[in-house]
$ cat run_9.cif   # mmCIF, C-alpha atoms
data_input
#
loop_
_atom_site.label_atom_id
_atom_site.label_comp_id
_atom_site.auth_asym_id
_atom_site.auth_seq_id
_atom_site.Cartn_x
_atom_site.Cartn_y
_atom_site.Cartn_z
CA MET A 1 104.21 35.53 56.48
CA GLU A 2 107.13 35.33 54.06
CA THR A 3 110.50 36.41 55.46
CA HIS A 4 110.92 39.21 52.91
CA THR A 5 107.47 40.65 53.66
CA LEU A 6 108.06 40.40 57.42
CA GLU A 7 111.34 42.29 57.14
CA ILE A 8 109.62 45.10 55.24
CA ARG A 9 106.80 45.33 57.79
CA ILE A 10 109.22 45.36 60.73
CA ASN A 11 111.19 48.17 59.06
CA GLU A 12 107.93 50.12 58.62
CA LEU A 13 107.09 49.58 62.29
CA LEU A 14 110.50 50.78 63.51
CA GLN A 15 110.13 54.09 61.69
CA ASP A 16 106.44 54.62 62.37
CA PRO A 17 105.88 57.99 64.16
CA ASN A 18 103.57 56.40 66.74
CA PHE A 19 106.12 53.71 67.54
CA LEU A 20 108.89 56.31 67.88
CA LYS A 21 106.62 58.38 70.16
CA LEU A 22 105.89 55.36 72.36
CA LYS A 23 109.57 54.46 72.53
CA SER A 24 110.41 58.02 73.59
CA LEU A 25 107.69 58.06 76.25
CA GLN A 26 108.78 54.74 77.72
CA SER A 27 112.48 55.58 77.86
CA LYS A 28 112.31 58.93 79.65
CA SER A 29 112.67 59.38 83.38
CA ASN A 30 109.94 61.35 85.12
CA LEU A 31 109.91 63.85 87.95
CA PHE A 32 108.54 61.35 90.46
CA GLU A 33 111.38 58.91 89.77
CA ILE A 34 113.98 61.64 90.15
CA ILE A 35 112.76 62.63 93.62
CA ALA A 36 112.42 58.94 94.62
CA ALA A 37 108.65 59.16 95.07
CA SER A 38 107.56 57.03 92.11
CA HIS A 39 105.47 54.58 94.10
CA THR A 40 105.17 56.14 97.54
CA GLU A 41 101.58 55.91 98.72
CA MET A 42 101.63 59.31 100.40
CA TRP A 43 102.75 61.04 97.18
CA HIS A 44 100.05 59.35 95.13
CA SER A 45 97.41 60.36 97.66
CA ALA A 46 98.68 63.94 97.52
CA PHE A 47 98.43 63.96 93.73
CA VAL A 48 94.90 62.52 93.72
CA LYS A 49 93.85 65.12 96.27
CA TRP A 50 95.39 67.89 94.13
CA LEU A 51 93.61 66.48 91.10
CA ILE A 52 90.05 66.32 92.48
CA ASP A 53 90.13 69.23 94.96
CA PRO A 54 88.14 72.13 93.38
CA GLY A 55 90.25 74.62 95.32
CA SER A 56 93.67 73.26 94.33
CA SER A 57 96.23 75.01 92.15
CA LEU A 58 95.23 72.76 89.25
CA GLY A 59 92.72 75.49 88.45
CA LEU A 60 90.05 73.38 86.73
CA GLY A 61 87.36 73.94 89.37
CA THR A 62 84.91 71.06 89.82
CA PHE A 63 85.64 69.47 86.42
CA PRO A 64 88.06 66.76 87.74
CA LEU A 65 85.80 65.99 90.72
CA GLN A 66 82.79 65.55 88.45
CA ARG A 67 84.79 63.16 86.25
CA PHE A 68 85.88 61.28 89.37
CA LEU A 69 82.34 60.90 90.70
CA PHE A 70 81.05 59.72 87.34
CA MET A 71 83.90 57.19 87.08
CA VAL A 72 83.14 55.77 90.53
CA SER A 73 79.38 55.54 89.93
CA ARG A 74 79.72 54.06 86.43
CA TYR A 75 82.81 51.86 86.48
CA GLY A 76 83.50 51.10 90.15
CA VAL A 77 83.25 47.54 91.47
CA PHE A 78 80.42 47.29 93.96
CA HIS A 79 80.52 44.64 96.62
CA GLU A 80 77.70 43.27 98.77
CA GLU A 81 76.33 46.49 100.23
CA ALA A 82 78.22 49.19 98.34
CA VAL A 83 75.71 51.29 96.44
CA VAL A 84 76.13 54.10 93.99
CA VAL A 85 74.61 57.13 95.60
CA LEU A 86 75.05 59.42 92.61
CA ASP A 87 73.81 59.43 89.04
CA LEU A 88 74.87 61.68 86.17
CA ALA A 89 72.08 64.18 86.82
CA ALA A 90 73.20 64.65 90.42
CA ILE A 91 76.86 64.95 89.42
CA VAL A 92 76.10 67.64 86.84
CA ASP A 93 73.97 69.55 89.36
CA GLU A 94 76.80 71.34 91.17
CA GLU A 95 74.36 73.35 93.29
CA LYS A 96 72.75 70.19 94.66
CA LEU A 97 76.05 68.57 95.62
CA LYS A 98 77.83 71.83 96.50
CA LEU A 99 80.95 70.52 94.77
CA SER A 100 82.71 73.89 94.80
CA GLU A 101 82.48 73.86 98.61
CA MET A 102 84.27 70.51 99.02
CA LEU A 103 87.26 70.66 101.37
CA PHE A 104 89.86 67.89 100.98
CA GLN A 105 92.74 66.80 103.13
CA THR A 106 95.22 63.93 103.12
CA GLU A 107 96.62 61.83 105.94
CA TYR A 108 93.66 62.64 108.21
CA ALA A 109 94.48 61.05 111.57
CA ASP A 110 92.37 60.35 114.64
CA ARG A 111 94.40 59.25 117.67
CA SER A 112 91.65 59.74 120.23
CA GLY A 113 90.49 56.11 120.49
CA GLU A 114 92.22 52.80 121.04
CA ASP A 115 92.16 52.09 117.32
CA LYS A 116 94.49 54.65 115.73
CA LEU A 117 93.14 55.69 112.33
CA ARG A 118 94.66 57.49 109.36
CA LEU A 119 92.48 58.20 106.34
CA ASP A 120 94.46 58.71 103.13
CA ILE A 121 92.07 61.24 101.54
CA ILE A 122 88.85 62.71 102.86
CA GLY A 123 86.69 65.48 101.43
CA THR A 124 83.49 66.94 102.85
CA ASN A 125 80.87 69.63 102.53
CA ASP A 126 77.37 69.90 104.02
CA VAL A 127 75.85 67.11 101.90
CA LEU A 128 78.69 64.98 100.51
CA ARG A 129 81.59 63.05 102.03
CA ILE A 130 84.23 61.24 99.98
CA THR A 131 86.69 58.93 101.75
CA ILE A 132 89.48 57.26 99.77
CA GLU A 133 91.67 54.46 101.09
CA ASN A 134 94.71 54.25 98.80
CA LYS A 135 96.84 51.10 98.58
CA ILE A 136 99.89 50.91 96.32
CA LYS A 137 102.29 48.14 97.34
CA ALA A 138 101.15 47.23 100.86
CA ASN A 139 98.11 45.06 101.52
CA GLU A 140 95.23 46.20 103.68
CA SER A 141 95.83 45.49 107.36
CA LYS A 142 93.34 43.20 109.07
CA ASP A 143 89.77 44.51 108.59
CA GLN A 144 91.18 47.99 107.94
CA THR A 145 88.37 49.26 105.70
CA GLU A 146 85.79 47.63 107.98
CA ARG A 147 87.23 49.57 110.91
CA TYR A 148 87.25 52.74 108.80
CA TYR A 149 83.59 52.18 107.91
CA HIS A 150 82.54 51.91 111.55
CA TYR A 151 84.59 54.99 112.43
CA LEU A 152 82.99 57.02 109.64
CA GLN A 153 79.51 55.90 110.69
CA GLN A 154 80.14 57.11 114.22
CA SER A 155 81.80 60.39 113.24
CA THR A 156 80.01 63.71 113.23
CA GLY A 157 78.09 64.93 110.20
CA ASN A 158 74.84 63.86 108.61
CA PHE A 159 75.75 63.48 104.93
CA GLU A 160 73.12 62.90 102.30
CA TYR A 161 75.75 61.25 100.11
CA ASP A 162 78.58 59.21 101.60
CA LEU A 163 81.12 57.61 99.24
CA MET A 164 83.74 55.21 100.59
CA ILE A 165 86.28 54.30 97.93
CA TYR A 166 89.10 51.76 97.79
CA LEU A 167 91.80 52.74 95.27
CA SER A 168 94.50 50.27 94.23
CA PRO A 169 96.50 49.35 91.10
CA ASP A 170 95.55 45.69 91.64
CA GLU A 171 91.99 44.78 90.59
CA ALA A 172 92.26 41.52 92.55
CA LYS A 173 92.93 43.40 95.79
CA ALA A 174 89.40 43.80 97.15
CA PRO A 175 88.60 45.75 100.35
CA SER A 176 87.61 43.82 103.47
CA SER A 177 84.53 46.02 103.87
CA SER A 178 81.69 45.47 101.41
CA LYS A 179 80.70 49.10 101.94
CA PHE A 180 83.71 50.35 99.95
CA ILE A 181 83.50 50.84 96.18
CA GLN A 182 86.58 49.51 94.42
CA ILE A 183 88.39 51.41 91.65
CA ASN A 184 91.85 51.14 90.14
CA TYR A 185 94.46 53.51 88.75
CA GLN A 186 93.66 52.57 85.15
CA LEU A 187 90.15 53.95 85.62
CA LEU A 188 91.58 57.06 87.23
CA CYS A 189 93.97 57.44 84.31
CA ASP A 190 91.36 56.96 81.57
CA HIS A 191 88.36 58.79 83.04
CA VAL A 192 89.84 61.58 85.16
CA ILE A 193 93.46 62.38 84.39
CA LYS A 194 93.35 62.20 80.59
CA PRO A 195 90.16 64.31 80.30
CA CYS A 196 91.89 66.97 82.41
CA LEU A 197 94.74 67.01 79.88
CA GLN A 198 92.25 68.07 77.21
CA HIS A 199 90.73 70.89 79.25
CA PRO A 200 91.26 74.28 77.52
CA GLU A 201 92.01 76.05 80.83
CA LEU A 202 94.83 73.72 81.86
CA THR A 203 98.04 75.73 82.20
CA PRO A 204 101.31 74.53 80.57
CA GLU A 205 102.88 74.11 84.01
CA ASN A 206 100.09 71.86 85.29
CA LYS A 207 99.97 69.96 82.01
CA PHE A 208 103.65 69.15 82.52
CA LEU A 209 102.93 67.80 86.02
CA ILE A 210 100.06 65.63 84.80
CA LEU A 211 102.14 64.22 81.94
CA GLN A 212 104.93 63.44 84.40
CA TYR A 213 102.46 61.65 86.67
CA LEU A 214 101.03 59.62 83.79
CA ALA A 215 104.53 58.55 82.81
CA ASN A 216 105.13 57.49 86.40
CA LEU A 217 101.99 55.33 86.44
CA GLY A 218 103.49 53.33 83.59
CA LYS A 219 106.65 52.46 85.54
CA PRO A 220 106.80 48.97 87.11
CA ILE A 221 106.20 48.48 90.82
CA LYS A 222 106.68 45.36 92.94
CA GLY A 223 106.48 42.19 90.86
CA GLY A 224 107.05 44.03 87.59
CA LYS A 225 103.46 45.27 87.28
CA VAL A 226 102.56 48.84 86.41
CA MET A 227 100.00 50.96 88.25
CA ALA A 228 98.25 51.81 84.97
CA GLN A 229 98.87 51.84 81.23
CA PRO A 230 98.75 55.53 80.27
CA ASN A 231 99.84 54.75 76.71
CA ARG A 232 97.33 51.95 76.13
CA ASP A 233 95.46 53.77 73.36
CA LEU A 234 98.72 54.49 71.56
CA CYS A 235 99.76 50.84 71.93
CA LEU A 236 96.44 49.68 70.45
CA THR A 237 96.86 52.07 67.52
CA ILE A 238 100.30 50.62 66.81
CA TYR A 239 99.11 47.05 67.27
CA ASN A 240 96.14 47.49 64.93
CA ALA A 241 98.41 49.01 62.28
CA TYR A 242 101.00 46.21 62.58
CA LYS A 243 98.89 43.31 63.81
CA ASP A 244 100.48 40.95 61.29
CA VAL A 245 103.98 41.69 62.66
CA PHE A 246 103.03 41.35 66.33
CA ASP A 247 101.01 38.20 65.73
CA GLU A 248 104.01 36.69 63.98
CA ILE A 249 106.12 37.51 67.03
CA TYR A 250 103.56 36.14 69.50
CA VAL A 251 103.12 32.93 67.53
CA SER A 252 106.88 32.44 67.45
CA VAL A 253 107.29 33.05 71.18
CA LYS A 254 104.10 31.63 72.69
CA GLY A 255 102.48 29.69 69.92
CA GLU A 256 99.37 31.86 69.91
CA ALA A 257 98.19 35.30 68.86
CA PRO A 258 96.89 37.71 71.56
CA ALA A 259 93.23 38.65 71.92
CA SER A 260 92.55 42.38 72.10
CA ARG A 261 89.44 44.16 73.36
CA THR A 262 88.76 47.57 71.91
CA THR A 263 87.17 50.50 73.68
CA ALA A 264 84.15 50.12 71.40
CA GLU A 265 83.71 46.52 72.56
CA GLN A 266 83.92 47.62 76.19
CA ILE A 267 81.25 50.26 75.62
CA LYS A 268 79.09 47.74 73.75
CA SER A 269 79.01 45.48 76.82
CA TYR A 270 77.22 48.21 78.79
CA ASN A 271 74.45 48.42 76.19
CA ILE A 272 73.40 44.78 76.54
CA SER A 273 69.77 44.29 77.64
CA LEU A 274 67.98 41.56 79.54
CA SER A 275 66.13 40.71 76.33
CA GLN A 276 69.44 40.02 74.56
CA LEU A 277 70.55 37.72 77.37
CA MET A 278 67.23 35.91 77.05
CA GLU A 279 67.53 35.58 73.26
CA LYS A 280 70.96 33.99 73.60
CA GLY A 281 69.72 31.50 76.20
CA ILE A 282 71.90 32.94 78.96
CA LEU A 283 68.81 33.98 80.95
CA SER A 284 65.51 32.12 81.25
CA LEU A 285 62.09 33.28 82.43
CA SER A 286 62.34 30.65 85.15
CA ASP A 287 65.49 32.23 86.59
CA GLN A 288 65.35 34.14 89.86
CA PHE A 289 67.27 37.26 90.82
CA LYS A 290 68.47 37.26 94.43
CA ALA A 291 70.34 39.82 96.53
CA SER A 292 71.19 40.60 100.15
CA PHE A 293 71.13 44.12 101.50
CA LYS A 294 71.58 45.22 105.12
CA GLY A 295 71.00 41.71 106.41
CA LYS A 296 67.82 41.06 104.41
CA ASP A 297 67.35 38.74 101.42
CA TYR A 298 65.42 39.83 98.34
CA THR A 299 64.08 37.87 95.37
CA ALA A 300 62.83 39.10 92.00
CA ALA A 301 61.45 37.34 88.93
CA LEU A 302 61.65 37.85 85.19
CA ILE A 303 58.63 38.38 82.96
CA LYS A 304 58.18 39.04 79.24
CA LEU A 305 55.66 41.68 78.23
CA PRO A 306 53.22 40.29 75.65
CA GLU A 307 52.88 43.54 73.72
CA ASP A 308 56.55 43.92 72.72
CA ASP A 309 58.38 40.87 74.19
CA ALA A 310 60.47 43.16 76.38
CA VAL A 311 61.98 41.40 79.41
CA GLN A 312 61.44 43.15 82.75
CA ILE A 313 62.12 42.45 86.41
CA GLN A 314 59.18 41.93 88.74
CA PHE A 315 59.69 42.81 92.39
CA HIS A 316 56.82 43.21 94.88
CA ASP A 317 54.25 43.50 92.07
CA GLN A 318 56.24 46.26 90.43
CA LEU A 319 57.91 46.06 87.02
CA PHE A 320 61.35 47.50 86.30
CA ASN A 321 62.90 47.78 82.87
CA SER A 322 66.48 47.67 84.17
CA PRO A 323 68.38 45.77 86.89
CA SER A 324 69.56 49.05 88.43
CA LYS A 325 66.05 50.44 88.85
CA ALA A 326 64.98 47.22 90.60
CA ALA A 327 68.03 47.40 92.87
CA THR A 328 67.37 51.06 93.65
CA ALA A 329 63.85 50.14 94.81
CA ILE A 330 65.56 48.11 97.56
CA THR A 331 68.53 50.32 98.46
CA GLN A 332 66.61 53.61 98.09
CA LYS A 333 69.77 54.91 96.48
CA ASN A 334 71.03 54.66 92.92
CA ALA A 335 72.56 51.20 92.63
CA ASN A 336 74.43 49.28 89.94
CA GLY A 337 71.95 46.45 89.40
CA TRP A 338 74.28 44.36 87.25
CA ASN A 339 76.55 43.91 90.27
CA PHE A 340 73.69 43.87 92.79
CA TRP A 341 71.77 40.82 91.52
CA ASP A 342 72.80 37.14 91.65
CA VAL A 343 71.05 34.79 89.21
CA TYR A 344 69.75 31.30 90.11
CA ASP A 345 68.10 28.77 87.81
CA VAL A 346 64.78 26.99 88.42
CA ASN A 347 66.56 24.30 90.48
CA GLY A 348 68.23 26.85 92.75
CA ARG A 349 71.66 26.53 91.15
CA PHE A 350 73.80 29.67 91.12
CA LYS A 351 74.46 30.85 87.55
CA GLY A 352 76.58 33.89 88.44
CA LYS A 353 76.24 37.59 88.99
CA LEU A 354 74.22 39.39 86.36
CA SER A 355 77.35 41.34 85.35
CA GLU A 356 79.16 38.02 84.77
CA LEU A 357 76.36 36.77 82.50
CA ARG A 358 76.54 40.02 80.56
CA ALA A 359 80.30 39.52 80.13
CA GLU A 360 79.62 35.97 78.92
CA LEU A 361 77.44 37.28 76.10
CA THR A 362 80.08 39.84 75.11
CA LYS A 363 82.72 37.09 74.99
CA ASP A 364 80.53 34.85 72.84
CA GLU A 365 79.90 37.67 70.36
CA GLN A 366 83.61 38.41 70.08
CA GLU A 367 84.37 34.73 69.38
CA GLU A 368 81.70 34.64 66.66
CA GLN A 369 83.35 37.61 64.97
#
$ encode --input "run_9.cif" --output "structure tokens"
Amino acid sequence: METHTLEIRINELLQDPNFLKLKSLQSKSNLFEIIAASHTEMWHSAFVKWLIDPGSSLGLGTFPLQRFLFMVSRYGVFHEEAVVVLDLAAIVDEEKLKLSEMLFQTEYADRSGEDKLRLDIIGTNDVLRITIENKIKANESKDQTERYYHYLQQSTGNFEYDLMIYLSPDEAKAPSSSKFIQINYQLLCDHVIKPCLQHPELTPENKFLILQYLANLGKPIKGGKVMAQPNRDLCLTIYNAYKDVFDEIYVSVKGEAPASRTTAEQIKSYNISLSQLMEKGILSLSDQFKASFKGKDYTAALIKLPEDDAVQIQFHDQLFNSPSKAATAITQKNANGWNFWDVYDVNGRFKGKLSELRAELTKDEQEEQ
């Protein structure tokens, strides 16, 4: 870009209303900083409890809890034996889950046994239990979530739905127990907190508190990282409007322009089918799907229907048109099949998790564009 043109574009950027808004948001102190609770785990747990508790002073009833449950079931990271026990139909059916009857508490402690336990957030009713282990700066102590799992299994209550959730700002910080579903604060920000901001019954006082909390999530913690990027959409809007300026800066500093992934591209990745993976050569009919669940190994095959060339999964002489339905046949609970199945080629070589192969196709399509 010519120097004169670059100067004009930079001047336009510096007076752009969105840029000025972002600058103002980033420069302000927030309530949590002022009271020295910006990254205290106990304060974050208290806020999350206030957010999702139907009986809290937030006053939005079960709306935040429904958003939370959908986020966990749709976007959570599921390890070896963590299954999604809820689908959208169940979440919407408040009578079935008795969401309005959920009782939440923080810092739930049990000192009765040798192993002293303290659960960050726990909520229960007659049919549903939600347990959240929240980690901000500290790492999980040795086998902490595994010990929590065994404690919860032995505790009283026969819950039809039992969600164990591991919440952390760091996506690379996985729980020691494969029974815990992993989520991060960015998901919480995008799929729970921001929708609450748009709710017509949110009071000005509570809107102020939520905005203060979002601002706090964007403040750096240990190592300079932030817990979430609450202004990510605004940043993308600015970047897309001034891509030529930012690319010029990046090229000057790093010698390369950044790659961005839009929300539309993220949504597109979830609409990829097995047939598309087959068409691109990422999957083959000779591949095998394998999974382990509760100590047992399972194998499924791929077949192509002659009438419409649709690719389906064959397991125990049954056909399934989605990985999740095939996984649910094993777990007897709604499961995320893309994370459940591992893929092996005809020679027994591991090709990756099905979710990783899906991401590979998305990456290839972006590069072609």
$ atom_distance --input "run_9.cif" --atom1 "CA of Tyr161 (chain A)" --atom2 "CA of Ala90 (chain A)"
10.6 Å
$ resolve_selection --input "run_9.cif" --expression "the PyMOL selection byres ((chain A and resi 230) around 9)" --output "list of chain:residue names"
A:Gln186, A:Cys189, A:Asp190, A:Lys194, A:Leu214, A:Ala215, A:Leu217, A:Gly218, A:Ala228, A:Gln229, A:Asn231, A:Arg232, A:Asp233, A:Leu234
$ atom_distance --input "run_9.cif" --atom1 "CA of Ile122 (chain A)" --atom2 "CA of Tyr108 (chain A)"
7.2 Å
$ resolve_selection --input "run_9.cif" --expression "the PyMOL selection byres ((chain A and resi 314-322) around 7)" --output "MDAnalysis selection string"
chainID A and resid 300:303 312:313 323:326
$ residues_around --input "run_9.cif" --residues "region 138-143 of chain A" --least-positions-apart "4" --cutoff "8 Å" --atoms "all atoms listed in the file" --output "list in words"
Arg147, Lys173, Pro175, Ser176 and Ser177 of chain A
$ resolve_selection --input "run_9.cif" --expression "the PyMOL selection byres ((chain A and resi 22) around 12)" --output "ChimeraX atom specification"
/A:13-21,23-28,215,218,229-239
$ closest_residue --input "run_9.cif" --among "A:Met71, A:Ala327, A:Asn134, A:Val245" --to "Asn11 (chain A)" --atoms "all atoms listed in the file"
A:Val245
$ closest_residue --input "run_9.cif" --among "A:Ser355, A:Thr331, A:Ser73, A:Ser178" --to "His191 (chain A)" --atoms "only C-alpha atoms"
A:Ser73
$ atom_distance --input "run_9.cif" --atom1 "CA of Leu117 (chain A)" --atom2 "CA of Ser155 (chain A)"
12.3 Å
$ residues_near_point --input "run_9.cif" --point "(79.4, 51.6, 91.5)" --cutoff "7 Å" --atoms "all atoms listed in the file" --output "compact mmCIF listing (two decimals) with C-alpha atoms, in the frame of the given file"
# COMPACT_ATOMS: atom_id res chain seq x y z
CA VAL A 72 83.14 55.77 90.53
CA SER A 73 79.38 55.54 89.93
CA ARG A 74 79.72 54.06 86.43
CA TYR A 75 82.81 51.86 86.48
CA GLY A 76 83.50 51.10 90.15
CA VAL A 77 83.25 47.54 91.47
CA PHE A 78 80.42 47.29 93.96
CA VAL A 83 75.71 51.29 96.44
CA VAL A 84 76.13 54.10 93.99
CA ILE A 181 83.50 50.84 96.18
CA ALA A 335 72.56 51.20 92.63
CA ASN A 336 74.43 49.28 89.94
$ build_atoms --input "run_9.cif" --residues "region 145-167 of chain A" --atoms "N, CA, C and O atoms" --output "compact mmCIF listing (two decimals), in the frame of the given file"
# COMPACT_ATOMS: atom_id res chain seq x y z
N THR A 145 89.49 48.48 106.24
CA THR A 145 88.37 49.26 105.70
C THR A 145 87.09 49.03 106.50
O THR A 145 86.24 49.92 106.58
N GLU A 146 86.96 47.87 107.12
CA GLU A 146 85.79 47.63 107.98
C GLU A 146 85.85 48.53 109.20
O GLU A 146 84.85 49.11 109.62
N ARG A 147 87.05 48.66 109.76
CA ARG A 147 87.23 49.57 110.91
C ARG A 147 87.00 51.02 110.49
O ARG A 147 86.41 51.80 111.23
N TYR A 148 87.46 51.39 109.30
CA TYR A 148 87.25 52.74 108.80
C TYR A 148 85.75 53.02 108.61
O TYR A 148 85.28 54.11 108.91
N TYR A 149 85.03 52.01 108.12
CA TYR A 149 83.59 52.18 107.91
C TYR A 149 82.89 52.48 109.24
O TYR A 149 82.09 53.42 109.33
N HIS A 150 83.19 51.69 110.25
CA HIS A 150 82.54 51.91 111.55
C HIS A 150 82.92 53.27 112.13
O HIS A 150 82.08 53.95 112.75
N TYR A 151 84.16 53.67 111.94
CA TYR A 151 84.59 54.99 112.43
C TYR A 151 83.81 56.10 111.72
O TYR A 151 83.32 57.03 112.35
N LEU A 152 83.69 55.99 110.41
CA LEU A 152 82.99 57.02 109.64
C LEU A 152 81.51 57.08 110.01
O LEU A 152 80.92 58.16 110.04
N GLN A 153 80.92 55.93 110.29
CA GLN A 153 79.51 55.90 110.69
C GLN A 153 79.28 56.60 112.02
O GLN A 153 78.23 57.19 112.25
N GLN A 154 80.28 56.53 112.89
CA GLN A 154 80.14 57.11 114.22
C GLN A 154 80.61 58.57 114.27
O GLN A 154 80.38 59.26 115.26
N SER A 155 81.26 59.04 113.22
CA SER A 155 81.80 60.39 113.24
C SER A 155 80.69 61.42 113.05
O SER A 155 79.57 61.09 112.65
N THR A 156 81.02 62.65 113.32
CA THR A 156 80.01 63.71 113.23
C THR A 156 79.69 64.02 111.77
O THR A 156 80.50 63.79 110.87
N GLY A 157 78.51 64.55 111.55
CA GLY A 157 78.09 64.93 110.20
C GLY A 157 76.99 64.02 109.69
O GLY A 157 77.08 62.80 109.79
N ASN A 158 75.95 64.62 109.17
CA ASN A 158 74.84 63.86 108.61
C ASN A 158 74.82 64.10 107.10
O ASN A 158 74.17 65.02 106.61
N PHE A 159 75.56 63.27 106.35
CA PHE A 159 75.75 63.48 104.93
C PHE A 159 74.68 62.77 104.12
O PHE A 159 74.38 61.60 104.35
N GLU A 160 74.12 63.50 103.18
CA GLU A 160 73.12 62.90 102.30
C GLU A 160 73.77 61.87 101.36
O GLU A 160 73.17 60.86 101.01
N TYR A 161 75.00 62.15 100.98
CA TYR A 161 75.75 61.25 100.11
C TYR A 161 77.07 60.92 100.79
O TYR A 161 77.81 61.82 101.19
N ASP A 162 77.38 59.64 100.90
CA ASP A 162 78.58 59.21 101.60
C ASP A 162 79.29 58.14 100.76
O ASP A 162 78.86 56.99 100.71
N LEU A 163 80.38 58.53 100.11
CA LEU A 163 81.12 57.61 99.24
C LEU A 163 82.37 57.13 99.94
O LEU A 163 83.21 57.93 100.37
N MET A 164 82.52 55.82 100.06
CA MET A 164 83.74 55.21 100.59
C MET A 164 84.39 54.42 99.47
O MET A 164 83.79 53.51 98.90
N ILE A 165 85.63 54.78 99.15
CA ILE A 165 86.28 54.30 97.93
C ILE A 165 87.60 53.63 98.27
O ILE A 165 88.38 54.15 99.07
N TYR A 166 87.86 52.51 97.61
CA TYR A 166 89.10 51.76 97.79
C TYR A 166 89.87 51.82 96.47
O TYR A 166 89.43 51.29 95.45
N LEU A 167 91.01 52.51 96.48
CA LEU A 167 91.80 52.74 95.27
C LEU A 167 93.08 51.91 95.33
O LEU A 167 93.85 52.00 96.28
